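The structure appears below as structure tokens.
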Amino acid sequence: MTKIIKDMDTIIRELVNGNVAGLPTETVYGLGADALNENAVLKIYETKDRPRFNPIIVHVSEVSDLEKYGDNIPDTVFRLAERFSPGPITYILKKQNIIPDIVTAGNDSVGLRIPAHSLFRDLIRESNLPIAAPSANRAGKISPTSAEDVLSELDGRINYILDGGKCEIGIESTVISFLGEVPKILRHGYVTKDDIEKVIGKTEEPEPGKFISPGLLKSHYAPFTPLYIVKDVNEIDSLEGLKIGVLDFSIYSDLKETALNLFSDLRELDKMKYDVIIAEKVIDKGLGTAINDRLERASSGGLKDINSVLLKKKNYSEKIN
């Protein structure tokens with residue numbers, strides 16, 4: 001049985017002994033393990049049912065730790081770190097050999113992040129371990145933003161969850177690669193493209209290729225209830241016969257508040273057993289780009305796809321009647 005606790009010493013013992021635990025960060029809750037222990041990292045993959053080709057971010061406590069685990073680090077990384085770390089930004093760098101291949105899915109690069117959540121940073125310092133930690137949910141499903149969310153996802157699969165309250169940001173970190181001449185933003189997040197370019201200049205979007213970062217799967221962050229993106233939620237008037245949940249962003253004052261509540265609202269709607277959930281995209285700018293990215297990866301399509309669901313339901317109803 002999984003327990004939500006506040007005792008950091010118990011969590012540290014769990015990690016030192018090669019086990020995994022649910023951990024709070026400012027972005028989403030993570031499923032953490034000693035990044036230098038191959039067997040412990042394997043437990044992350046097994047607990048989440050995570051594909052082995054999907055690499056895991058390594059969390060460290062200080063900017064100086066980047067040089068322990070990353071190699072040939074350009075000055076631009078330290079300029080960004082001075083502005084945004086600790087915080088929701090991950091740097092993809094050439095890895096030092098001390099990082100096991102299982103963490104990086106066989107890539108010669110590693111994602112390194114310095115989390116801003118004080119409890120998580122204290123845990124890293126006191127355990128003296130770099131912590132490999134993807135989101136603490138079943139692979140591909142909604143990311144957790146509270147200890148209770150982790151419990152609903154992984155109850156019975158792990159021993160402990162460290163309760164650090166609700167996440168302050170609510171979506172995963174921005175991921176930027178420094179493997180080429182021009183930095184590439186691989187995953188949009190709370191630190192926006194504009195934020196980054198004000199510090200280091202021009203960045204590029206990634207080209208399709210191998211997975212060197214988490215969050216790149218086409219289907220990700222998905223509820224069990226199919227989510228569809230529509231231009232106007234009032235289109236539900238034409239969908240009589242379906243029980244529809246609306247992911248309503250109009251109740252929030254800005255994009256930061258929208259991002260904070262995105263996954264928790266989606267999780268609540270998923271519990272309501274609707275036939276479908278619908279949502280409108282937000283303005284595709286700044287933090288809105290990250291929100292829309294999560295919606296796209298969580299969705300099953302658009303209005304035409306919902307109509308096909310409605311048609312199937314009608315045909316099934318006619319058959320059984």
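Quick note on naming: the chains in the structure tokens go A, B, ... in the order shown, residues restart at 1 in each chain, and ligands are numbered from 1 in order of appearance.
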Sorted by chain and rising residue number, list the residues of region 204-308 of chain A at most 12 Å from region 135-139 of chain A (counting only C-alpha atoms), each with its closest atom pair and distance in Å to one decimal, as CSV.
```
residue,atom,partner,partner_atom,distance
A:Pro214,CA,A:Ser135,CA,9.8
A:Gly215,CA,A:Ser135,CA,10.0
A:Leu217,CA,A:Ala139,CA,10.4
A:Ser219,CA,A:Ala139,CA,10.0
A:His220,CA,A:Ala139,CA,7.8
A:Tyr221,CA,A:Ala139,CA,8.4
A:Ala222,CA,A:Ala139,CA,9.4
A:Pro223,CA,A:Arg138,CA,10.7
A:Phe224,CA,A:Arg138,CA,11.3
A:Phe263,CA,A:Asn137,CA,11.7
A:Arg267,CA,A:Asn137,CA,11.7
```
So which residues touch Ser85 (chain A) within 12 Å, counting only C-alpha atoms, skipping near sequence neighbours fewer than 4 positions away, as a PyMOL selection string?
chain A and resi 59-66+77-81+89-91+112-117+121+173-174+191
Those of region 95-284 of chain A in DSSP helix (DSSP H, G or I), formatted as JSON, numbers by chain:
{"A": [101, 102, 103, 104, 118, 119, 120, 121, 122, 123, 124, 125, 126, 127, 147, 148, 149, 150, 151, 152, 153, 154, 193, 194, 195, 196, 197, 198, 199, 200, 233, 234, 235, 236, 237, 238, 255, 256, 257, 258, 259, 260, 261, 262, 263, 264, 265, 266, 267, 268, 269, 270, 271]}
Could the residues in this selection be saved with C-alpha atoms as an mmCIF file, in the first residue's frame?
```cif
data_model
loop_
_atom_site.group_PDB
_atom_site.id
_atom_site.type_symbol
_atom_site.label_atom_id
_atom_site.label_comp_id
_atom_site.auth_asym_id
_atom_site.auth_seq_id
_atom_site.Cartn_x
_atom_site.Cartn_y
_atom_site.Cartn_z
ATOM 1 C CA ASP A 101 22.732 4.714 -20.700
ATOM 2 C CA ILE A 102 19.386 3.558 -19.286
ATOM 3 C CA VAL A 103 18.733 7.132 -18.103
ATOM 4 C CA THR A 104 19.361 8.600 -21.550
ATOM 5 C CA SER A 118 12.674 23.808 -1.989
ATOM 6 C CA LEU A 119 11.711 20.380 -0.629
ATOM 7 C CA PHE A 120 12.994 18.580 -3.717
ATOM 8 C CA ARG A 121 16.270 20.555 -3.732
ATOM 9 C CA ASP A 122 16.776 19.789 -0.040
ATOM 10 C CA LEU A 123 16.193 16.114 -0.810
ATOM 11 C CA ILE A 124 18.858 16.151 -3.528
ATOM 12 C CA ARG A 125 21.360 17.868 -1.233
ATOM 13 C CA GLU A 126 20.722 15.649 1.792
ATOM 14 C CA SER A 127 20.731 12.390 -0.188
ATOM 15 C CA ALA A 147 0.399 13.902 -4.013
ATOM 16 C CA GLU A 148 -3.177 12.618 -4.249
ATOM 17 C CA ASP A 149 -2.904 12.543 -8.054
ATOM 18 C CA VAL A 150 0.209 10.377 -7.768
ATOM 19 C CA LEU A 151 -1.602 8.046 -5.383
ATOM 20 C CA SER A 152 -4.464 7.611 -7.862
ATOM 21 C CA GLU A 153 -1.962 6.761 -10.612
ATOM 22 C CA LEU A 154 0.556 4.574 -8.808
ATOM 23 C CA LYS A 193 10.843 31.023 -26.384
ATOM 24 C CA ASP A 194 10.775 34.811 -25.979
ATOM 25 C CA ASP A 195 12.171 34.501 -22.447
ATOM 26 C CA ILE A 196 15.058 32.373 -23.700
ATOM 27 C CA GLU A 197 15.874 34.459 -26.771
ATOM 28 C CA LYS A 198 16.081 37.637 -24.687
ATOM 29 C CA VAL A 199 19.010 36.013 -22.862
ATOM 30 C CA ILE A 200 20.884 34.015 -25.522
ATOM 31 C CA VAL A 233 -17.076 24.850 -27.366
ATOM 32 C CA ASN A 234 -20.574 25.976 -28.421
ATOM 33 C CA GLU A 235 -20.250 23.400 -31.211
ATOM 34 C CA ILE A 236 -21.458 20.896 -28.620
ATOM 35 C CA ASP A 237 -25.010 21.964 -29.577
ATOM 36 C CA SER A 238 -24.643 19.788 -32.676
ATOM 37 C CA LEU A 255 -2.221 31.788 -19.112
ATOM 38 C CA LYS A 256 -0.251 31.132 -15.922
ATOM 39 C CA GLU A 257 -3.456 30.276 -14.081
ATOM 40 C CA THR A 258 -4.603 28.181 -17.053
ATOM 41 C CA ALA A 259 -1.341 26.201 -17.075
ATOM 42 C CA LEU A 260 -1.508 25.704 -13.317
ATOM 43 C CA ASN A 261 -4.955 24.096 -13.572
ATOM 44 C CA LEU A 262 -4.691 22.334 -16.949
ATOM 45 C CA PHE A 263 -3.852 18.825 -15.748
ATOM 46 C CA SER A 264 -5.870 18.954 -12.521
ATOM 47 C CA ASP A 265 -9.002 20.118 -14.380
ATOM 48 C CA LEU A 266 -8.496 17.450 -17.026
ATOM 49 C CA ARG A 267 -8.079 14.821 -14.322
ATOM 50 C CA GLU A 268 -11.333 15.933 -12.629
ATOM 51 C CA LEU A 269 -13.264 15.797 -15.908
ATOM 52 C CA ASP A 270 -11.815 12.355 -16.588
ATOM 53 C CA LYS A 271 -13.359 11.122 -13.336
#
```
How many Å separate CA of Thr192 (chain A) from CA of Ser213 (chain A)?
17.0 Å
When DSSP is applied to the backbone of this structure, which of region 74-321 of chain A are assigned strand (DSSP E or B)? Write them out as a PyMOL selection string.
chain A and resi 89-95+109-113+131-132+135+141+155+158+160-162+174-177+184-187+204+222+227-229+244-247+276-279
Restricted to C-alpha atoms, what would the selected residues look like written as a compact mmCIF listing (two decimals), in the first residue's frame?
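Saved result, again_30.txt, follows:
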```
# COMPACT_ATOMS: atom_id res chain seq x y z
CA ILE A 89 13.99 24.63 -17.61
CA THR A 90 15.95 21.54 -18.69
CA TYR A 91 19.26 21.64 -20.58
CA ILE A 92 20.12 18.85 -23.04
CA LEU A 93 23.90 18.45 -22.97
CA LYS A 94 26.56 15.95 -23.92
CA LYS A 95 26.66 13.55 -21.00
CA SER A 109 23.25 13.37 -24.20
CA VAL A 110 21.41 13.99 -20.93
CA GLY A 111 18.70 16.38 -19.77
CA LEU A 112 19.70 18.24 -16.60
CA ARG A 113 17.42 20.44 -14.49
CA ILE A 131 17.61 12.25 -9.10
CA ALA A 132 16.22 10.83 -12.34
CA SER A 135 6.31 12.63 -14.21
CA LYS A 141 -1.49 9.69 -19.11
CA ASP A 155 -1.13 3.21 -5.68
CA ILE A 158 5.50 2.48 -5.02
CA TYR A 160 5.95 6.40 -0.62
CA ILE A 161 4.98 9.81 -1.99
CA LEU A 162 6.58 12.90 -0.46
CA THR A 174 10.86 23.76 -21.03
CA VAL A 175 13.52 21.58 -22.67
CA ILE A 176 16.27 23.17 -24.74
CA SER A 177 19.05 21.31 -26.56
CA LYS A 184 16.77 24.10 -30.13
CA ILE A 185 13.63 24.20 -27.99
CA LEU A 186 12.50 20.57 -27.88
CA ARG A 187 9.57 21.03 -25.49
CA GLU A 204 15.42 26.92 -33.54
CA ALA A 222 -3.96 11.87 -22.31
CA LEU A 227 -10.25 14.66 -25.55
CA TYR A 228 -11.11 16.62 -28.70
CA ILE A 229 -10.02 20.11 -29.68
CA ILE A 244 -19.78 15.96 -22.99
CA GLY A 245 -17.36 17.53 -20.52
CA VAL A 246 -15.93 20.97 -21.27
CA LEU A 247 -12.37 21.92 -20.34
CA VAL A 276 -15.90 12.88 -24.61
CA ILE A 277 -14.14 15.97 -23.30
CA ILE A 278 -13.77 19.06 -25.49
CA ALA A 279 -11.47 22.07 -25.25
```
